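Structure file work-v6.cif (mmCIF, C-alpha atoms) follows.
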data_input
#
loop_
_atom_site.label_atom_id
_atom_site.label_comp_id
_atom_site.auth_asym_id
_atom_site.auth_seq_id
_atom_site.Cartn_x
_atom_site.Cartn_y
_atom_site.Cartn_z
CA MET N 195 123.47 110.20 171.81
CA LYS N 196 122.37 113.80 171.32
CA LYS N 197 124.35 114.83 174.42
CA ARG N 198 127.59 113.36 172.95
CA TYR N 199 126.99 115.20 169.70
CA VAL N 200 126.58 118.54 171.52
CA ILE N 201 129.67 117.90 173.67
CA GLY N 202 131.70 117.04 170.53
CA ILE N 203 130.67 120.28 168.85
CA LEU N 204 131.49 122.28 172.00
CA VAL N 205 134.96 120.68 172.21
CA ILE N 206 135.68 121.48 168.54
CA LEU N 207 134.40 125.05 169.01
CA LEU N 208 136.52 125.53 172.14
CA PHE N 209 139.58 124.19 170.31
CA ALA N 210 138.99 126.59 167.39
CA ILE N 211 138.64 129.55 169.80
CA LEU N 212 141.89 128.60 171.57
CA GLN N 213 143.71 128.37 168.25
CA ALA N 214 142.40 131.78 167.17
CA VAL N 215 143.53 133.35 170.47
CA CYS N 216 147.01 131.82 170.14
CA MET N 217 147.36 133.05 166.55
CA TRP N 218 146.15 136.53 167.51
CA ARG N 219 148.69 136.76 170.39
CA ASN N 220 151.58 135.67 168.12
CA ALA N 221 150.67 137.94 165.20
CA LYS N 222 153.03 140.83 164.60
CA PRO N 223 151.48 144.24 164.09
CA ILE N 224 151.49 145.56 160.53
CA GLU N 225 154.12 148.26 160.16
CA ARG N 226 153.23 151.27 158.07
CA ILE N 227 155.78 152.84 155.76
CA GLN N 228 156.80 156.21 157.14
CA PRO N 229 157.82 159.14 154.91
CA ASP N 230 161.32 160.55 155.44
CA SER N 231 161.08 163.32 158.04
CA ASN N 232 164.18 165.00 156.53
CA ALA N 233 162.38 165.69 153.24
CA SER N 234 160.73 169.07 152.83
CA GLY N 235 157.93 170.42 150.66
CA TRP N 236 159.10 170.80 147.06
CA GLU N 237 159.04 174.42 145.87
CA GLY N 238 160.87 174.00 142.57
CA ALA N 239 164.54 173.65 141.67
CA GLN N 240 167.04 175.64 143.70
CA GLU N 241 170.06 177.49 142.33
CA LEU N 242 173.13 175.25 142.54
CA ASP N 243 176.85 175.89 142.21
CA LYS N 244 177.73 175.40 138.53
CA ARG N 245 181.50 175.13 138.77
CA LYS N 246 182.91 172.25 136.78
CA THR N 247 184.24 169.29 138.71
CA GLU N 248 186.83 166.69 137.85
CA VAL N 249 184.26 163.92 137.77
CA LYS N 250 184.83 161.62 134.78
CA GLN N 251 181.79 160.56 132.80
CA ILE N 252 181.29 156.97 131.67
CA ALA N 253 180.55 156.67 127.95
CA ILE N 254 177.70 154.25 127.14
CA PRO N 255 177.17 153.58 123.41
CA GLY N 256 173.50 153.28 122.48
CA PHE N 257 171.44 151.95 119.60
CA GLU N 258 167.75 151.67 118.73
CA SER N 259 167.53 148.18 117.28
CA MET N 260 169.45 145.01 116.49
CA VAL N 261 168.93 142.00 114.22
CA PHE N 262 169.67 138.40 115.26
CA LYS N 263 169.43 135.20 113.23
CA LYS N 264 166.64 132.84 114.23
CA ASP N 265 167.33 129.40 115.73
CA GLN N 266 171.00 130.20 116.41
CA LYS N 267 172.83 130.64 119.69
CA LEU N 268 175.83 132.46 118.15
CA GLN N 269 174.97 136.05 117.24
CA ARG N 270 176.95 138.95 115.81
CA VAL N 271 176.99 142.15 117.93
CA ASN N 272 178.97 145.33 118.52
CA PHE N 273 179.11 145.60 122.33
CA TYR N 274 182.15 147.55 123.52
CA ASN N 275 183.67 149.60 126.31
CA PRO N 276 184.84 152.91 124.79
CA LYS N 277 188.53 153.82 125.04
CA SER N 278 187.66 157.01 126.96
CA ASN N 279 186.27 155.05 129.94
CA GLU N 280 188.33 154.35 133.03
CA CYS N 281 186.18 151.45 134.22
CA LEU N 282 185.44 147.83 133.51
CA ILE N 283 181.97 146.96 132.18
CA VAL N 284 179.97 143.76 132.55
CA PHE N 285 177.34 143.56 129.81
CA VAL N 286 174.09 141.70 130.50
CA LEU N 287 171.64 141.13 127.64
CA TYR N 288 167.98 140.72 128.58
CA ILE N 289 165.39 139.63 126.03
CA ASP N 290 161.77 139.90 127.17
CA ASP N 291 163.10 140.35 130.76
CA GLN N 292 165.04 137.07 130.65
CA GLU N 293 168.83 137.10 130.94
CA MET N 294 170.16 135.62 127.70
CA TRP N 295 173.89 136.48 127.89
CA ARG N 296 176.44 137.93 130.34
CA SER N 297 179.99 139.04 129.68
CA GLY N 298 183.01 139.04 131.91
CA TYR N 299 184.74 142.30 132.90
CA CYS N 300 185.39 144.18 129.66
CA ALA N 301 188.29 146.66 129.79
CA PRO N 302 188.25 150.03 127.98
CA ASP N 303 188.90 149.80 124.21
CA ASN N 304 187.70 146.15 124.19
CA GLY N 305 184.44 144.59 123.15
CA TYR N 306 182.50 141.70 121.70
CA TYR N 307 181.77 140.95 118.06
CA GLU N 308 180.10 137.59 118.72
CA ILE N 309 178.12 136.28 121.69
CA GLU N 310 176.50 132.96 122.52
CA LEU N 311 172.93 133.19 123.82
CA ASN N 312 171.65 130.85 126.53
CA GLU N 313 169.16 129.52 123.99
CA PRO N 314 168.25 130.20 120.35
CA LEU N 315 165.36 132.54 119.56
CA GLU N 316 162.39 132.04 117.29
CA GLU N 317 161.54 134.56 114.58
CA GLY N 318 159.82 137.66 115.88
CA VAL N 319 160.23 141.07 117.49
CA TYR N 320 161.40 141.19 121.08
CA GLU N 321 161.85 143.89 123.74
CA ALA N 322 165.49 143.83 124.75
CA LYS N 323 167.89 145.76 126.94
CA LEU N 324 171.63 145.75 127.37
CA LEU N 325 172.64 146.45 130.95
CA HIS N 326 176.07 148.04 131.46
CA LYS N 327 177.34 147.32 134.99
CA CYS N 328 180.40 149.49 135.64
CA PHE N 329 183.24 148.76 138.09
CA LYS N 330 186.55 150.24 139.17
CA GLU N 331 189.55 147.92 138.76
CA ASN N 332 189.49 147.25 142.53
CA GLY N 333 185.93 145.88 142.20
CA ALA N 334 184.12 148.94 143.55
CA VAL N 335 180.69 149.28 141.97
CA LEU N 336 180.05 152.38 139.86
CA ASN N 337 176.86 153.47 138.10
CA SER N 338 174.97 151.20 135.75
CA ALA N 339 173.03 152.03 132.60
CA SER N 340 170.45 150.14 130.60
CA ILE N 341 169.93 150.58 126.84
CA LYS N 342 166.48 149.48 125.69
CA PHE N 343 166.03 148.47 122.06
CA ASN N 344 163.93 146.42 119.67
CA LEU N 345 165.42 143.06 118.74
CA TYR N 346 164.39 141.67 115.36
CA VAL N 347 164.97 137.94 114.95
CA GLN N 348 164.83 136.78 111.33
#
Written as structure tokens, that's how I'd like the structure from this file.
Amino acid sequence: MKKRYVIGILVILLFAILQAVCMWRNAKPIERIQPDSNASGWEGAQELDKRKTEVKQIAIPGFESMVFKKDQKLQRVNFYNPKSNECLIVFVLYIDDQEMWRSGYCAPDNGYYEIELNEPLEEGVYEAKLLHKCFKENGAVLNSASIKFNLYVQ
């Protein structure tokens, strides 16, 4: 009986060793992140050409805070794409890092006075941001900007 017990343990041990060897052979080596070899030691800002270019700037209206009504999906806002822009903007409202509303493509000199949130909010103060995703009319992606603000729900 004791001999069977020892043989059983040896078989289990041998099986475990074979499994460990198979796993070790199939494991991929861990790759280390390599710094960019084209970068050089930073010695301060260099003198750059200061001639003006014909690059158009995108105007992004900002604000520090906003007030919403509690327990309501429909909210009054002033989100707009300034007339001076030559791009379409998709607005995305995040409240406490959760997407709560997304617009379609908003043309210059257009905007939103009322939006419908994904869900109503309870009374309180929230961290919010309005992401401006900018596009050319052909769909090419331009820069984006994010306006962070305090949202007061009353």
task = Taking the file above as input, evaluate the PyMOL selection byres ((chain N and resi 285) around 6) and report the hits as a PyMOL selection string.
result = chain N and resi 284+286+296-297+325-326
Answer key for the PyMOL selection byres ((chain N and resi 322) around 8), residues as a ChimeraX atom specification = /N:287-291,320-321,323-324,342-345
So what does the PyMOL selection byres ((chain N and resi 331) around 12) actually pick up in this one, as a CSV table (one decimal) with C-alpha atoms, keeping the file's coordinate frame?
chain,number,residue,atom,x,y,z
N,279,ASN,CA,186.3,155.0,129.9
N,280,GLU,CA,188.3,154.4,133.0
N,281,CYS,CA,186.2,151.4,134.2
N,282,LEU,CA,185.4,147.8,133.5
N,283,ILE,CA,182.0,147.0,132.2
N,299,TYR,CA,184.7,142.3,132.9
N,300,CYS,CA,185.4,144.2,129.7
N,301,ALA,CA,188.3,146.7,129.8
N,302,PRO,CA,188.2,150.0,128.0
N,328,CYS,CA,180.4,149.5,135.6
N,329,PHE,CA,183.2,148.8,138.1
N,330,LYS,CA,186.6,150.2,139.2
N,332,ASN,CA,189.5,147.2,142.5
N,333,GLY,CA,185.9,145.9,142.2
N,334,ALA,CA,184.1,148.9,143.6
N,335,VAL,CA,180.7,149.3,142.0
N,336,LEU,CA,180.0,152.4,139.9
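Between atom CA of Gly298 of chain N and atom CA of Gln266 of chain N there is a distance of 21.5 Å.
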ask   = Can you tell me how far atom CA of Val261 of chain N sits from atom CA of Glu308 of chain N, in Å to one decimal?
value = 12.8 Å
